[in-house]
Every structure is written in structure tokens, then in C-alpha cells.
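Below is upload39.pdb, holding PDB, N, CA and C atoms.
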ATOM      1  N   MET L   1     -11.938 -27.506  35.419
ATOM      2  CA  MET L   1     -11.361 -27.718  36.733
ATOM      3  C   MET L   1     -11.132 -26.381  37.428
ATOM      4  N   LEU L   2     -10.408 -25.491  36.779
ATOM      5  CA  LEU L   2     -10.128 -24.201  37.408
ATOM      6  C   LEU L   2     -11.400 -23.419  37.667
ATOM      7  N   LYS L   3     -12.369 -23.536  36.783
ATOM      8  CA  LYS L   3     -13.633 -22.837  36.981
ATOM      9  C   LYS L   3     -14.319 -23.349  38.246
ATOM     10  N   LEU L   4     -14.299 -24.649  38.468
ATOM     11  CA  LEU L   4     -14.907 -25.219  39.664
ATOM     12  C   LEU L   4     -14.131 -24.822  40.908
ATOM     13  N   TRP L   5     -12.801 -24.767  40.796
ATOM     14  CA  TRP L   5     -11.976 -24.429  41.944
ATOM     15  C   TRP L   5     -12.154 -22.965  42.305
ATOM     16  N   SER L   6     -12.130 -22.094  41.321
ATOM     17  CA  SER L   6     -12.175 -20.666  41.600
ATOM     18  C   SER L   6     -13.516 -20.229  42.176
ATOM     19  N   GLY L   7     -14.493 -21.094  42.106
ATOM     20  CA  GLY L   7     -15.813 -20.730  42.585
ATOM     21  C   GLY L   7     -15.992 -20.778  44.082
ATOM     22  N   GLY L   8     -14.999 -21.176  44.851
ATOM     23  CA  GLY L   8     -15.288 -21.238  46.266
ATOM     24  C   GLY L   8     -14.132 -21.533  47.183
ATOM     25  N   GLY L   9     -13.031 -20.856  47.036
ATOM     26  CA  GLY L   9     -11.963 -20.965  48.018
ATOM     27  C   GLY L   9     -11.053 -22.153  47.824
ATOM     28  N   ALA L  10     -10.733 -22.817  48.927
ATOM     29  CA  ALA L  10      -9.751 -23.891  48.929
ATOM     30  C   ALA L  10     -10.198 -25.065  48.061
ATOM     31  N   LEU L  11      -9.219 -25.709  47.469
ATOM     32  CA  LEU L  11      -9.483 -26.879  46.642
ATOM     33  C   LEU L  11      -9.845 -28.052  47.539
ATOM     34  N   ASP L  12     -10.988 -28.625  47.285
ATOM     35  CA  ASP L  12     -11.491 -29.742  48.069
ATOM     36  C   ASP L  12     -11.990 -30.795  47.082
ATOM     37  N   TYR L  13     -11.288 -31.940  47.008
ATOM     38  CA  TYR L  13     -11.624 -32.958  46.016
ATOM     39  C   TYR L  13     -13.065 -33.446  46.166
ATOM     40  N   ALA L  14     -13.514 -33.672  47.390
ATOM     41  CA  ALA L  14     -14.884 -34.157  47.604
ATOM     42  C   ALA L  14     -15.903 -33.145  47.079
ATOM     43  N   ARG L  15     -15.676 -31.870  47.364
ATOM     44  CA  ARG L  15     -16.585 -30.830  46.877
ATOM     45  C   ARG L  15     -16.525 -30.722  45.357
ATOM     46  N   PHE L  16     -15.323 -30.843  44.809
ATOM     47  CA  PHE L  16     -15.148 -30.833  43.360
ATOM     48  C   PHE L  16     -15.985 -31.946  42.722
ATOM     49  N   CYS L  17     -15.892 -33.161  43.272
ATOM     50  CA  CYS L  17     -16.663 -34.294  42.737
ATOM     51  C   CYS L  17     -18.162 -34.060  42.851
ATOM     52  N   GLU L  18     -18.588 -33.526  43.969
ATOM     53  CA  GLU L  18     -20.021 -33.224  44.143
ATOM     54  C   GLU L  18     -20.499 -32.258  43.066
ATOM     55  N   ARG L  19     -19.709 -31.229  42.818
ATOM     56  CA  ARG L  19     -20.108 -30.230  41.827
ATOM     57  C   ARG L  19     -20.119 -30.815  40.421
ATOM     58  N   VAL L  20     -19.135 -31.661  40.097
ATOM     59  CA  VAL L  20     -19.093 -32.271  38.770
ATOM     60  C   VAL L  20     -20.256 -33.241  38.600
ATOM     61  N   ARG L  21     -20.480 -34.073  39.592
ATOM     62  CA  ARG L  21     -21.545 -35.080  39.498
ATOM     63  C   ARG L  21     -22.937 -34.462  39.624
ATOM     64  N   GLY L  22     -23.063 -33.382  40.357
ATOM     65  CA  GLY L  22     -24.366 -32.802  40.631
ATOM     66  C   GLY L  22     -24.829 -31.757  39.643
ATOM     67  N   ALA L  23     -23.961 -31.376  38.731
ATOM     68  CA  ALA L  23     -24.341 -30.332  37.770
ATOM     69  C   ALA L  23     -25.420 -30.855  36.838
ATOM     70  N   ALA L  24     -26.478 -30.097  36.724
ATOM     71  CA  ALA L  24     -27.596 -30.516  35.874
ATOM     72  C   ALA L  24     -27.641 -29.715  34.579
ATOM     73  N   ASP L  25     -26.697 -28.818  34.402
ATOM     74  CA  ASP L  25     -26.786 -27.923  33.257
ATOM     75  C   ASP L  25     -25.654 -28.110  32.251
ATOM     76  N   TYR L  26     -25.191 -29.347  32.069
ATOM     77  CA  TYR L  26     -24.149 -29.578  31.077
ATOM     78  C   TYR L  26     -24.712 -29.316  29.687
ATOM     79  N   ASP L  27     -23.955 -28.611  28.885
ATOM     80  CA  ASP L  27     -24.344 -28.315  27.513
ATOM     81  C   ASP L  27     -23.811 -29.437  26.627
ATOM     82  N   ILE L  28     -24.683 -30.386  26.293
ATOM     83  CA  ILE L  28     -24.281 -31.552  25.517
ATOM     84  C   ILE L  28     -23.690 -31.134  24.168
ATOM     85  N   ALA L  29     -24.248 -30.117  23.543
ATOM     86  CA  ALA L  29     -23.714 -29.645  22.261
ATOM     87  C   ALA L  29     -22.286 -29.140  22.430
ATOM     88  N   ASP L  30     -22.020 -28.455  23.524
ATOM     89  CA  ASP L  30     -20.676 -27.953  23.795
ATOM     90  C   ASP L  30     -19.723 -29.120  24.058
ATOM     91  N   LEU L  31     -20.185 -30.117  24.813
ATOM     92  CA  LEU L  31     -19.352 -31.284  25.089
ATOM     93  C   LEU L  31     -19.035 -32.054  23.813
ATOM     94  N   THR L  32     -19.951 -32.049  22.870
ATOM     95  CA  THR L  32     -19.743 -32.744  21.600
ATOM     96  C   THR L  32     -18.526 -32.176  20.876
ATOM     97  N   ASN L  33     -18.267 -30.895  21.046
ATOM     98  CA  ASN L  33     -17.106 -30.262  20.403
ATOM     99  C   ASN L  33     -15.783 -30.807  20.923
ATOM    100  N   LEU L  34     -15.797 -31.434  22.091
ATOM    101  CA  LEU L  34     -14.576 -31.991  22.678
ATOM    102  C   LEU L  34     -14.260 -33.388  22.159
ATOM    103  N   LEU L  35     -15.175 -33.959  21.405
ATOM    104  CA  LEU L  35     -15.042 -35.339  20.947
ATOM    105  C   LEU L  35     -14.777 -35.414  19.453
ATOM    106  N   ARG L  36     -14.348 -36.603  19.022
ATOM    107  CA  ARG L  36     -14.215 -36.832  17.586
ATOM    108  C   ARG L  36     -15.597 -36.774  16.952
ATOM    109  N   LYS L  37     -15.633 -36.518  15.679
ATOM    110  CA  LYS L  37     -16.915 -36.374  14.977
ATOM    111  C   LYS L  37     -17.757 -37.645  15.022
ATOM    112  N   ASP L  38     -17.107 -38.805  15.157
ATOM    113  CA  ASP L  38     -17.850 -40.064  15.174
ATOM    114  C   ASP L  38     -18.304 -40.469  16.583
ATOM    115  N   GLN L  39     -18.039 -39.624  17.576
ATOM    116  CA  GLN L  39     -18.418 -39.931  18.957
ATOM    117  C   GLN L  39     -19.610 -39.088  19.402
ATOM    118  N   LYS L  40     -20.372 -39.644  20.299
ATOM    119  CA  LYS L  40     -21.464 -38.911  20.938
ATOM    120  C   LYS L  40     -21.135 -38.821  22.425
ATOM    121  N   PRO L  41     -21.490 -37.717  23.062
ATOM    122  CA  PRO L  41     -21.154 -37.573  24.479
ATOM    123  C   PRO L  41     -21.884 -38.595  25.349
ATOM    124  N   ASP L  42     -21.124 -39.252  26.192
ATOM    125  CA  ASP L  42     -21.662 -40.155  27.208
ATOM    126  C   ASP L  42     -21.373 -39.466  28.538
ATOM    127  N   LEU L  43     -22.353 -38.702  29.014
ATOM    128  CA  LEU L  43     -22.148 -37.844  30.173
ATOM    129  C   LEU L  43     -21.663 -38.622  31.393
ATOM    130  N   ARG L  44     -22.256 -39.765  31.661
ATOM    131  CA  ARG L  44     -21.845 -40.571  32.823
ATOM    132  C   ARG L  44     -20.372 -40.956  32.727
ATOM    133  N   SER L  45     -19.937 -41.379  31.549
ATOM    134  CA  SER L  45     -18.548 -41.771  31.343
ATOM    135  C   SER L  45     -17.612 -40.568  31.455
ATOM    136  N   MET L  46     -18.017 -39.440  30.890
ATOM    137  CA  MET L  46     -17.180 -38.238  30.947
ATOM    138  C   MET L  46     -16.996 -37.765  32.390
ATOM    139  N   ILE L  47     -18.072 -37.787  33.147
ATOM    140  CA  ILE L  47     -17.996 -37.376  34.557
ATOM    141  C   ILE L  47     -17.081 -38.313  35.322
ATOM    142  N   SER L  48     -17.193 -39.599  35.061
ATOM    143  CA  SER L  48     -16.344 -40.583  35.730
ATOM    144  C   SER L  48     -14.871 -40.347  35.395
ATOM    145  N   ARG L  49     -14.563 -40.104  34.134
ATOM    146  CA  ARG L  49     -13.170 -39.859  33.736
ATOM    147  C   ARG L  49     -12.619 -38.597  34.396
ATOM    148  N   VAL L  50     -13.435 -37.565  34.495
ATOM    149  CA  VAL L  50     -12.972 -36.317  35.123
ATOM    150  C   VAL L  50     -12.707 -36.536  36.615
ATOM    151  N   THR L  51     -13.653 -37.136  37.313
ATOM    152  CA  THR L  51     -13.471 -37.319  38.757
ATOM    153  C   THR L  51     -12.323 -38.281  39.052
ATOM    154  N   GLU L  52     -12.180 -39.331  38.257
ATOM    155  CA  GLU L  52     -11.064 -40.258  38.464
ATOM    156  C   GLU L  52      -9.731 -39.611  38.087
ATOM    157  N   GLY L  53      -9.749 -38.799  37.041
ATOM    158  CA  GLY L  53      -8.531 -38.144  36.589
ATOM    159  C   GLY L  53      -7.964 -37.142  37.589
ATOM    160  N   PHE L  54      -8.825 -36.617  38.440
ATOM    161  CA  PHE L  54      -8.374 -35.659  39.452
ATOM    162  C   PHE L  54      -8.348 -36.254  40.857
ATOM    163  N   ARG L  55      -8.445 -37.584  40.959
ATOM    164  CA  ARG L  55      -8.440 -38.250  42.267
ATOM    165  C   ARG L  55      -7.169 -37.934  43.066
ATOM    166  N   PHE L  56      -6.060 -37.700  42.372
ATOM    167  CA  PHE L  56      -4.808 -37.377  43.066
ATOM    168  C   PHE L  56      -4.961 -36.177  43.993
ATOM    169  N   LEU L  57      -5.950 -35.335  43.732
ATOM    170  CA  LEU L  57      -6.158 -34.159  44.575
ATOM    171  C   LEU L  57      -6.646 -34.516  45.975
ATOM    172  N   SER L  58      -7.070 -35.755  46.161
ATOM    173  CA  SER L  58      -7.507 -36.180  47.487
ATOM    174  C   SER L  58      -6.334 -36.648  48.341
ATOM    175  N   ASP L  59      -5.129 -36.692  47.739
ATOM    176  CA  ASP L  59      -3.957 -37.199  48.450
ATOM    177  C   ASP L  59      -2.784 -36.233  48.313
ATOM    178  N   LEU L  60      -3.012 -34.980  48.671
ATOM    179  CA  LEU L  60      -1.969 -33.961  48.565
ATOM    180  C   LEU L  60      -1.005 -34.038  49.739
ATOM    181  N   THR L  61       0.225 -33.614  49.497
ATOM    182  CA  THR L  61       1.184 -33.483  50.586
ATOM    183  C   THR L  61       0.793 -32.262  51.423
ATOM    184  N   ASP L  62       1.396 -32.120  52.590
ATOM    185  CA  ASP L  62       1.112 -30.956  53.431
ATOM    186  C   ASP L  62       1.421 -29.662  52.681
ATOM    187  N   GLN L  63       2.541 -29.664  51.981
ATOM    188  CA  GLN L  63       2.957 -28.474  51.238
ATOM    189  C   GLN L  63       1.943 -28.144  50.131
ATOM    190  N   GLU L  64       1.495 -29.155  49.422
ATOM    191  CA  GLU L  64       0.504 -28.953  48.371
ATOM    192  C   GLU L  64      -0.823 -28.482  48.957
ATOM    193  N   ARG L  65      -1.189 -29.024  50.115
ATOM    194  CA  ARG L  65      -2.441 -28.638  50.774
ATOM    195  C   ARG L  65      -2.435 -27.159  51.141
ATOM    196  N   ILE L  66      -1.289 -26.676  51.620
ATOM    197  CA  ILE L  66      -1.165 -25.255  51.977
ATOM    198  C   ILE L  66      -1.408 -24.385  50.743
ATOM    199  N   LEU L  67      -0.772 -24.755  49.643
ATOM    200  CA  LEU L  67      -0.916 -23.971  48.421
ATOM    201  C   LEU L  67      -2.322 -24.092  47.836
ATOM    202  N   ALA L  68      -2.920 -25.266  47.927
ATOM    203  CA  ALA L  68      -4.268 -25.476  47.394
ATOM    204  C   ALA L  68      -5.323 -24.771  48.231
ATOM    205  N   ALA L  69      -4.961 -24.367  49.430
ATOM    206  CA  ALA L  69      -5.912 -23.680  50.300
ATOM    207  C   ALA L  69      -6.220 -22.275  49.804
ATOM    208  N   GLY L  70      -5.572 -21.880  48.733
ATOM    209  CA  GLY L  70      -5.871 -20.578  48.147
ATOM    210  C   GLY L  70      -5.011 -19.461  48.696
ATOM    211  N   THR L  71      -3.992 -19.812  49.456
ATOM    212  CA  THR L  71      -3.132 -18.788  50.041
ATOM    213  C   THR L  71      -1.759 -18.777  49.380
ATOM    214  N   GLY L  72      -1.666 -19.384  48.210
ATOM    215  CA  GLY L  72      -0.381 -19.497  47.518
ATOM    216  C   GLY L  72       0.316 -18.181  47.280
ATOM    217  N   SER L  73      -0.440 -17.151  46.960
ATOM    218  CA  SER L  73       0.193 -15.861  46.693
ATOM    219  C   SER L  73       0.826 -15.290  47.952
ATOM    220  N   LYS L  74       0.319 -15.663  49.103
ATOM    221  CA  LYS L  74       0.890 -15.197  50.366
ATOM    222  C   LYS L  74       1.980 -16.149  50.848
ATOM    223  N   ARG L  75       2.106 -17.283  50.201
ATOM    224  CA  ARG L  75       3.056 -18.322  50.591
ATOM    225  C   ARG L  75       4.089 -18.531  49.492
ATOM    226  N   HIS L  76       4.692 -17.450  49.070
ATOM    227  CA  HIS L  76       5.619 -17.493  47.949
ATOM    228  C   HIS L  76       6.783 -18.455  48.205
ATOM    229  N   LYS L  77       7.353 -18.447  49.409
ATOM    230  CA  LYS L  77       8.483 -19.329  49.722
ATOM    231  C   LYS L  77       8.074 -20.796  49.631
ATOM    232  N   GLU L  78       6.888 -21.114  50.155
ATOM    233  CA  GLU L  78       6.408 -22.494  50.095
ATOM    234  C   GLU L  78       6.177 -22.926  48.654
ATOM    235  N   ALA L  79       5.645 -22.017  47.836
ATOM    236  CA  ALA L  79       5.402 -22.323  46.423
ATOM    237  C   ALA L  79       6.725 -22.583  45.699
ATOM    238  N   GLU L  80       7.717 -21.770  45.982
ATOM    239  CA  GLU L  80       9.026 -21.970  45.359
ATOM    240  C   GLU L  80       9.659 -23.284  45.806
ATOM    241  N   ALA L  81       9.513 -23.617  47.088
ATOM    242  CA  ALA L  81      10.073 -24.871  47.602
ATOM    243  C   ALA L  81       9.391 -26.073  46.952
ATOM    244  N   LEU L  82       8.092 -26.009  46.789
ATOM    245  CA  LEU L  82       7.358 -27.094  46.142
ATOM    246  C   LEU L  82       7.782 -27.239  44.677
ATOM    247  N   THR L  83       7.908 -26.122  43.984
ATOM    248  CA  THR L  83       8.343 -26.146  42.600
ATOM    249  C   THR L  83       9.735 -26.766  42.481
ATOM    250  N   ALA L  84      10.639 -26.382  43.369
ATOM    251  CA  ALA L  84      11.997 -26.922  43.346
ATOM    252  C   ALA L  84      11.978 -28.428  43.625
ATOM    253  N   ALA L  85      11.165 -28.868  44.559
ATOM    254  CA  ALA L  85      11.077 -30.289  44.887
ATOM    255  C   ALA L  85      10.547 -31.097  43.704
ATOM    256  N   ILE L  86       9.585 -30.553  43.013
ATOM    257  CA  ILE L  86       9.027 -31.242  41.833
ATOM    258  C   ILE L  86      10.077 -31.333  40.746
ATOM    259  N   ARG L  87      10.759 -30.237  40.488
ATOM    260  CA  ARG L  87      11.790 -30.231  39.436
ATOM    261  C   ARG L  87      12.940 -31.167  39.773
ATOM    262  N   ALA L  88      13.238 -31.317  41.047
ATOM    263  CA  ALA L  88      14.337 -32.191  41.472
ATOM    264  C   ALA L  88      13.909 -33.663  41.536
ATOM    265  N   GLY L  89      12.630 -33.912  41.316
ATOM    266  CA  GLY L  89      12.124 -35.285  41.336
ATOM    267  C   GLY L  89      11.903 -35.845  42.727
ATOM    268  N   ARG L  90      11.829 -34.973  43.719
ATOM    269  CA  ARG L  90      11.598 -35.445  45.095
ATOM    270  C   ARG L  90      10.121 -35.667  45.363
ATOM    271  N   ILE L  91       9.280 -35.161  44.484
ATOM    272  CA  ILE L  91       7.832 -35.333  44.639
ATOM    273  C   ILE L  91       7.302 -35.951  43.369
TER     274      ILE L  91
END
Could you express the structure from this file as C-alpha cells?
Amino acid sequence: MLKLWSGGGALDYARFCERVRGAADYDIADLTNLLRKDQKPDLRSMISRVTEGFRFLSDLTDQERILAAGTGSKRHKEAEALTAAIRAGRI
């Protein structure tokens, strides 16, 4: 996830899904290491689980959108406010 995000600026769920679904160079042997020994990689299923698992990124709050735009380091106050809201259970 972070590798896909760091490759091009602001976090964009649609672009993330395109990159995950469109990648033609998945290393099946490497993916096998993520599974139990009795499992074989089912690339279609794995891609579906990843894209569905990150679907929440398509419904960010305004505050989250600002931070996901890649300007978080310049938006320290906003980042702290978001962190406080999460810890307080308001988000």
C-alpha cells in the first residue's frame, strides 16, 4: 500500500485500484510466502481482497483528505487534531 502511495503524490483510491489491478509483474513465488504452506496464490482473489480492504480510502473526511494529499508534514496542526479526534472516538 505505502509503496503504491509513495509512487505518485496524493492518495487516490481509484488510482490505487488501477495500479493494483493493472500490475502485470506480480511475483507469484513472493506472494506464496504470504500464504499458509497448503495454499496457492489466487491472484484475482488477492487483488479483490486488497482493493476491497482499502475501499474506506474512497470515503475520507475533509481532514483526512488534506493529510492524504501528501501535505501532512506541512499541516502539523491538522494532523494533531485528526489524531486527537480518533483517540477521542469522534471519528
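Relative to atom CA of Leu60 of chain L, atom CA of Asp12 of chain L is found at 10.4 Å.
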### Query
Please, which residues of chain L, numbered as in this document, come out helix (DSSP H, G or I) from DSSP, as an MDAnalysis selection string?
chainID L and resid 2:6 13:22 28:32 43:53 55:58 62:74 76:87
### Task
Enter the distance from atom C of Thr51 of chain L to atom C of Cys17 of chain L, in Å, rounded to one decimal.
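About the pair atom C of Thr51 of chain L and atom C of Cys17 of chain L: they are 8.1 Å apart.
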### Query
Could you tell me, as a PyMOL selection string, which residues have any atom at most 12 Å from (2.4, -27.2, 55.0), counting only C-alpha atoms?
chain L and resi 60-69+71-72+75+77-79+81-82
### Query
Mind pulling up the distance from atom C of Gln39 of chain L to atom C of Arg19 of chain L?
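It comes out at 22.6 Å.
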### Message
What would the selection look like, as a VMD selection string, if the PyMOL selection byres (((chain L and resi 54 and name CA) around 12) and name CA) were run on the coordinates I just shared?
### Response
chain L and resid 1 to 2 11 to 14 16 to 17 20 47 to 53 55 to 60
